[in-house]
Amino acid sequence: MSIPAPHPQSGPSVTDELVAANQEYARAFTDPGMDARPVRKVAVVACMDARLDLHAALGLELGDCHTIRNAGGVVTDDIIRSLTISQRALGTRSVVLIHHTGCGLLNLTEDFRHELELEVGQRPSWAVEAFKDLDQDVRQSIERVRTSPFLPHRDDVRGFVFDVTTGLLREIAPA
């Protein structure tokens, strides 16, 4: 299989724009002297959706939390890996799980993997983790955190659905 050639561009790429923005940022940057340990001892697991400004929505400042994001905000093995490091090496004790309305995973199925296999000739090793019921998937994510033997702090685990039209969180009771 050959990798397609990049498309010719008529100007700077998005990555070029981001690097230029970083140069501006770095000009005024001063080291805040923070430790890698979150001040509020919390890890937030959320969807990667670009509409979620987690720091603003939760009233968080730089250094307050670990933010772990993936498609759907689903608790996967890699999320458990990150939470384990967050808790055992960096002192977090609380976990906040956030799914959201209008999530793209509501419209996918595991057929996505099959379609990828047909297109590229290799089946992905990962599950799509698509869902039809936001509340139930939050409950499943809570349960995955609460039953992980790798996490020493499993008591303060709460799950929410963020409404992308109102900005409000709705708490989901565990199963």
# chains A, B, ... in the order shown; residues from 1 in each chain; ligands from 1
$ select_by_dssp --residues "region 34-98 of chain A" --states "helix (DSSP H, G or I)" --output "list in words"
Leu54, His55, Ala56, Ala57, Leu58, Ala71, Gly72, Gly73, Asp77, Asp78, Ile79, Ile80, Arg81, Ser82, Leu83, Thr84, Ile85, Ser86, Gln87 and Arg88 of chain A
$ write_last_selection --atoms "all heavy atoms" --output "compact mmCIF listing (two decimals), in the first residue's frame"
# COMPACT_ATOMS: atom_id res chain seq x y z
N LEU A 54 -13.25 22.53 28.56
CA LEU A 54 -13.40 21.97 29.89
C LEU A 54 -12.96 22.92 31.00
O LEU A 54 -13.62 23.01 32.03
CB LEU A 54 -12.63 20.66 30.00
CG LEU A 54 -13.18 19.54 29.12
CD1 LEU A 54 -12.24 18.34 29.14
CD2 LEU A 54 -14.57 19.14 29.56
N HIS A 55 -11.85 23.60 30.81
CA HIS A 55 -11.39 24.51 31.85
C HIS A 55 -12.43 25.60 32.13
O HIS A 55 -12.75 25.89 33.27
CB HIS A 55 -10.02 25.11 31.50
CG HIS A 55 -8.89 24.22 31.86
ND1 HIS A 55 -8.57 23.09 31.13
CD2 HIS A 55 -8.00 24.27 32.88
CE1 HIS A 55 -7.54 22.50 31.70
NE2 HIS A 55 -7.17 23.19 32.76
N ALA A 56 -12.96 26.19 31.08
CA ALA A 56 -13.98 27.23 31.26
C ALA A 56 -15.26 26.65 31.86
O ALA A 56 -15.84 27.21 32.79
CB ALA A 56 -14.27 27.92 29.94
N ALA A 57 -15.69 25.51 31.36
CA ALA A 57 -16.95 24.91 31.80
C ALA A 57 -16.90 24.47 33.26
O ALA A 57 -17.94 24.47 33.95
CB ALA A 57 -17.31 23.72 30.92
N LEU A 58 -15.72 24.11 33.75
CA LEU A 58 -15.59 23.60 35.12
C LEU A 58 -14.92 24.58 36.07
O LEU A 58 -14.67 24.26 37.23
CB LEU A 58 -14.80 22.28 35.10
CG LEU A 58 -15.42 21.15 34.27
CD1 LEU A 58 -14.49 19.96 34.21
CD2 LEU A 58 -16.78 20.75 34.82
N ALA A 71 -12.08 9.96 21.84
CA ALA A 71 -13.37 9.97 21.16
C ALA A 71 -14.43 9.40 22.09
O ALA A 71 -14.34 8.25 22.53
CB ALA A 71 -13.30 9.15 19.87
N GLY A 72 -15.41 10.20 22.45
CA GLY A 72 -16.50 9.78 23.31
C GLY A 72 -16.26 9.95 24.80
O GLY A 72 -17.19 9.84 25.58
N GLY A 73 -15.02 10.17 25.20
CA GLY A 73 -14.73 10.22 26.63
C GLY A 73 -14.91 8.86 27.29
O GLY A 73 -15.16 8.76 28.49
N ASP A 77 -8.85 0.92 27.99
CA ASP A 77 -7.61 0.51 28.66
C ASP A 77 -6.60 1.65 28.72
O ASP A 77 -5.89 1.80 29.71
CB ASP A 77 -6.98 -0.69 27.94
CG ASP A 77 -7.72 -2.00 28.21
OD1 ASP A 77 -8.55 -2.04 29.15
OD2 ASP A 77 -7.46 -2.97 27.48
N ASP A 78 -6.53 2.46 27.67
CA ASP A 78 -5.57 3.55 27.69
C ASP A 78 -5.97 4.64 28.68
O ASP A 78 -5.11 5.27 29.29
CB ASP A 78 -5.36 4.15 26.29
CG ASP A 78 -4.13 5.03 26.26
OD1 ASP A 78 -3.03 4.54 26.60
OD2 ASP A 78 -4.27 6.23 25.94
N ILE A 79 -7.26 4.86 28.85
CA ILE A 79 -7.71 5.82 29.87
C ILE A 79 -7.35 5.28 31.26
O ILE A 79 -6.86 6.04 32.11
CB ILE A 79 -9.23 6.09 29.76
CG1 ILE A 79 -9.56 6.80 28.44
CG2 ILE A 79 -9.73 6.89 30.97
CD1 ILE A 79 -9.01 8.19 28.29
N ILE A 80 -7.55 3.99 31.49
CA ILE A 80 -7.17 3.39 32.77
C ILE A 80 -5.66 3.54 32.98
O ILE A 80 -5.20 3.87 34.08
CB ILE A 80 -7.60 1.91 32.87
CG1 ILE A 80 -9.13 1.79 32.88
CG2 ILE A 80 -6.96 1.23 34.08
CD1 ILE A 80 -9.81 2.38 34.12
N ARG A 81 -4.87 3.36 31.93
CA ARG A 81 -3.41 3.56 32.01
C ARG A 81 -3.11 4.99 32.47
O ARG A 81 -2.33 5.21 33.41
CB ARG A 81 -2.76 3.30 30.65
CG ARG A 81 -1.26 3.53 30.62
CD ARG A 81 -0.70 3.40 29.20
NE ARG A 81 -1.06 4.53 28.37
CZ ARG A 81 -0.36 5.66 28.28
NH1 ARG A 81 0.76 5.82 28.96
NH2 ARG A 81 -0.76 6.64 27.51
N SER A 82 -3.72 5.97 31.83
CA SER A 82 -3.47 7.37 32.19
C SER A 82 -3.96 7.68 33.60
O SER A 82 -3.28 8.39 34.34
CB SER A 82 -4.15 8.30 31.17
OG SER A 82 -3.55 8.16 29.91
N LEU A 83 -5.13 7.18 33.98
CA LEU A 83 -5.64 7.42 35.33
C LEU A 83 -4.73 6.77 36.38
O LEU A 83 -4.52 7.33 37.46
CB LEU A 83 -7.07 6.89 35.47
CG LEU A 83 -8.16 7.70 34.79
CD1 LEU A 83 -9.49 6.96 34.86
CD2 LEU A 83 -8.28 9.09 35.39
N THR A 84 -4.22 5.60 36.07
CA THR A 84 -3.32 4.90 37.00
C THR A 84 -2.06 5.72 37.24
O THR A 84 -1.64 5.92 38.39
CB THR A 84 -2.97 3.50 36.47
OG1 THR A 84 -4.18 2.75 36.30
CG2 THR A 84 -2.04 2.77 37.42
N ILE A 85 -1.49 6.25 36.18
CA ILE A 85 -0.31 7.11 36.32
C ILE A 85 -0.68 8.38 37.06
O ILE A 85 0.04 8.84 37.96
CB ILE A 85 0.31 7.41 34.94
CG1 ILE A 85 0.88 6.12 34.34
CG2 ILE A 85 1.36 8.51 35.03
CD1 ILE A 85 1.20 6.19 32.86
N SER A 86 -1.83 8.98 36.72
CA SER A 86 -2.30 10.19 37.37
C SER A 86 -2.45 9.99 38.88
O SER A 86 -2.03 10.84 39.67
CB SER A 86 -3.64 10.61 36.74
OG SER A 86 -4.17 11.75 37.36
N GLN A 87 -3.04 8.86 39.27
CA GLN A 87 -3.25 8.62 40.70
C GLN A 87 -1.99 8.15 41.41
O GLN A 87 -1.61 8.70 42.45
CB GLN A 87 -4.36 7.57 40.90
CG GLN A 87 -5.73 8.10 40.59
CD GLN A 87 -6.85 7.16 41.00
OE1 GLN A 87 -6.62 6.07 41.52
NE2 GLN A 87 -8.08 7.58 40.75
N ARG A 88 -1.33 7.15 40.87
CA ARG A 88 -0.22 6.52 41.59
C ARG A 88 1.07 7.35 41.56
O ARG A 88 1.83 7.33 42.51
CB ARG A 88 0.04 5.12 41.04
CG ARG A 88 -1.07 4.15 41.39
CD ARG A 88 -0.78 2.74 40.90
NE ARG A 88 -1.82 1.83 41.31
CZ ARG A 88 -1.79 1.13 42.45
NH1 ARG A 88 -0.79 1.26 43.28
NH2 ARG A 88 -2.78 0.31 42.74
$ residues_around --residues "Trp126 (chain A)" --least-positions-apart "2" --cutoff "12 Å" --atoms "only C-alpha atoms" --output "JSON, numbers by chain"
{"A": [76, 77, 78, 110, 112, 113, 114, 116, 117, 122, 123, 124, 128, 129, 130]}
$ closest_residue --among "A:Met48, A:Ala20, A:Cys65, A:Ala36" --to "Arg93 (chain A)" --atoms "only C-alpha atoms"
A:Cys65
$ select_by_dssp --residues "chain A" --states "strand (DSSP E or B)" --output "number ranges by chain"
A: 42-47, 65-70, 94-100, 157-162, 169-172
$ residues_around --residues "Asp155 (chain A)" --least-positions-apart "4" --cutoff "9 Å" --atoms "only C-alpha atoms" --output "PDB file with C-alpha atoms, in the first residue's frame"
ATOM      1  CA  ARG A  93      -7.758  11.173  43.997  1.00  0.00           C
ATOM      2  CA  SER A  94     -10.980  12.197  42.188  1.00  0.00           C
ATOM      3  CA  VAL A  95     -12.217  11.288  38.708  1.00  0.00           C
ATOM      4  CA  ARG A 146     -14.645   1.827  40.048  1.00  0.00           C
TER       5      ARG A 146
END
$ residues_around --residues "Ala173 (chain A)" --least-positions-apart "2" --cutoff "10 Å" --atoms "only C-alpha atoms" --output "PyMOL selection string"
chain A and resi 135-136+138-139+142+158-160+170-171+175
$ closest_residue --among "A:Ser148, A:Asn107, A:Gln23, A:Thr165" --to "Leu134 (chain A)" --atoms "only C-alpha atoms"
A:Asn107
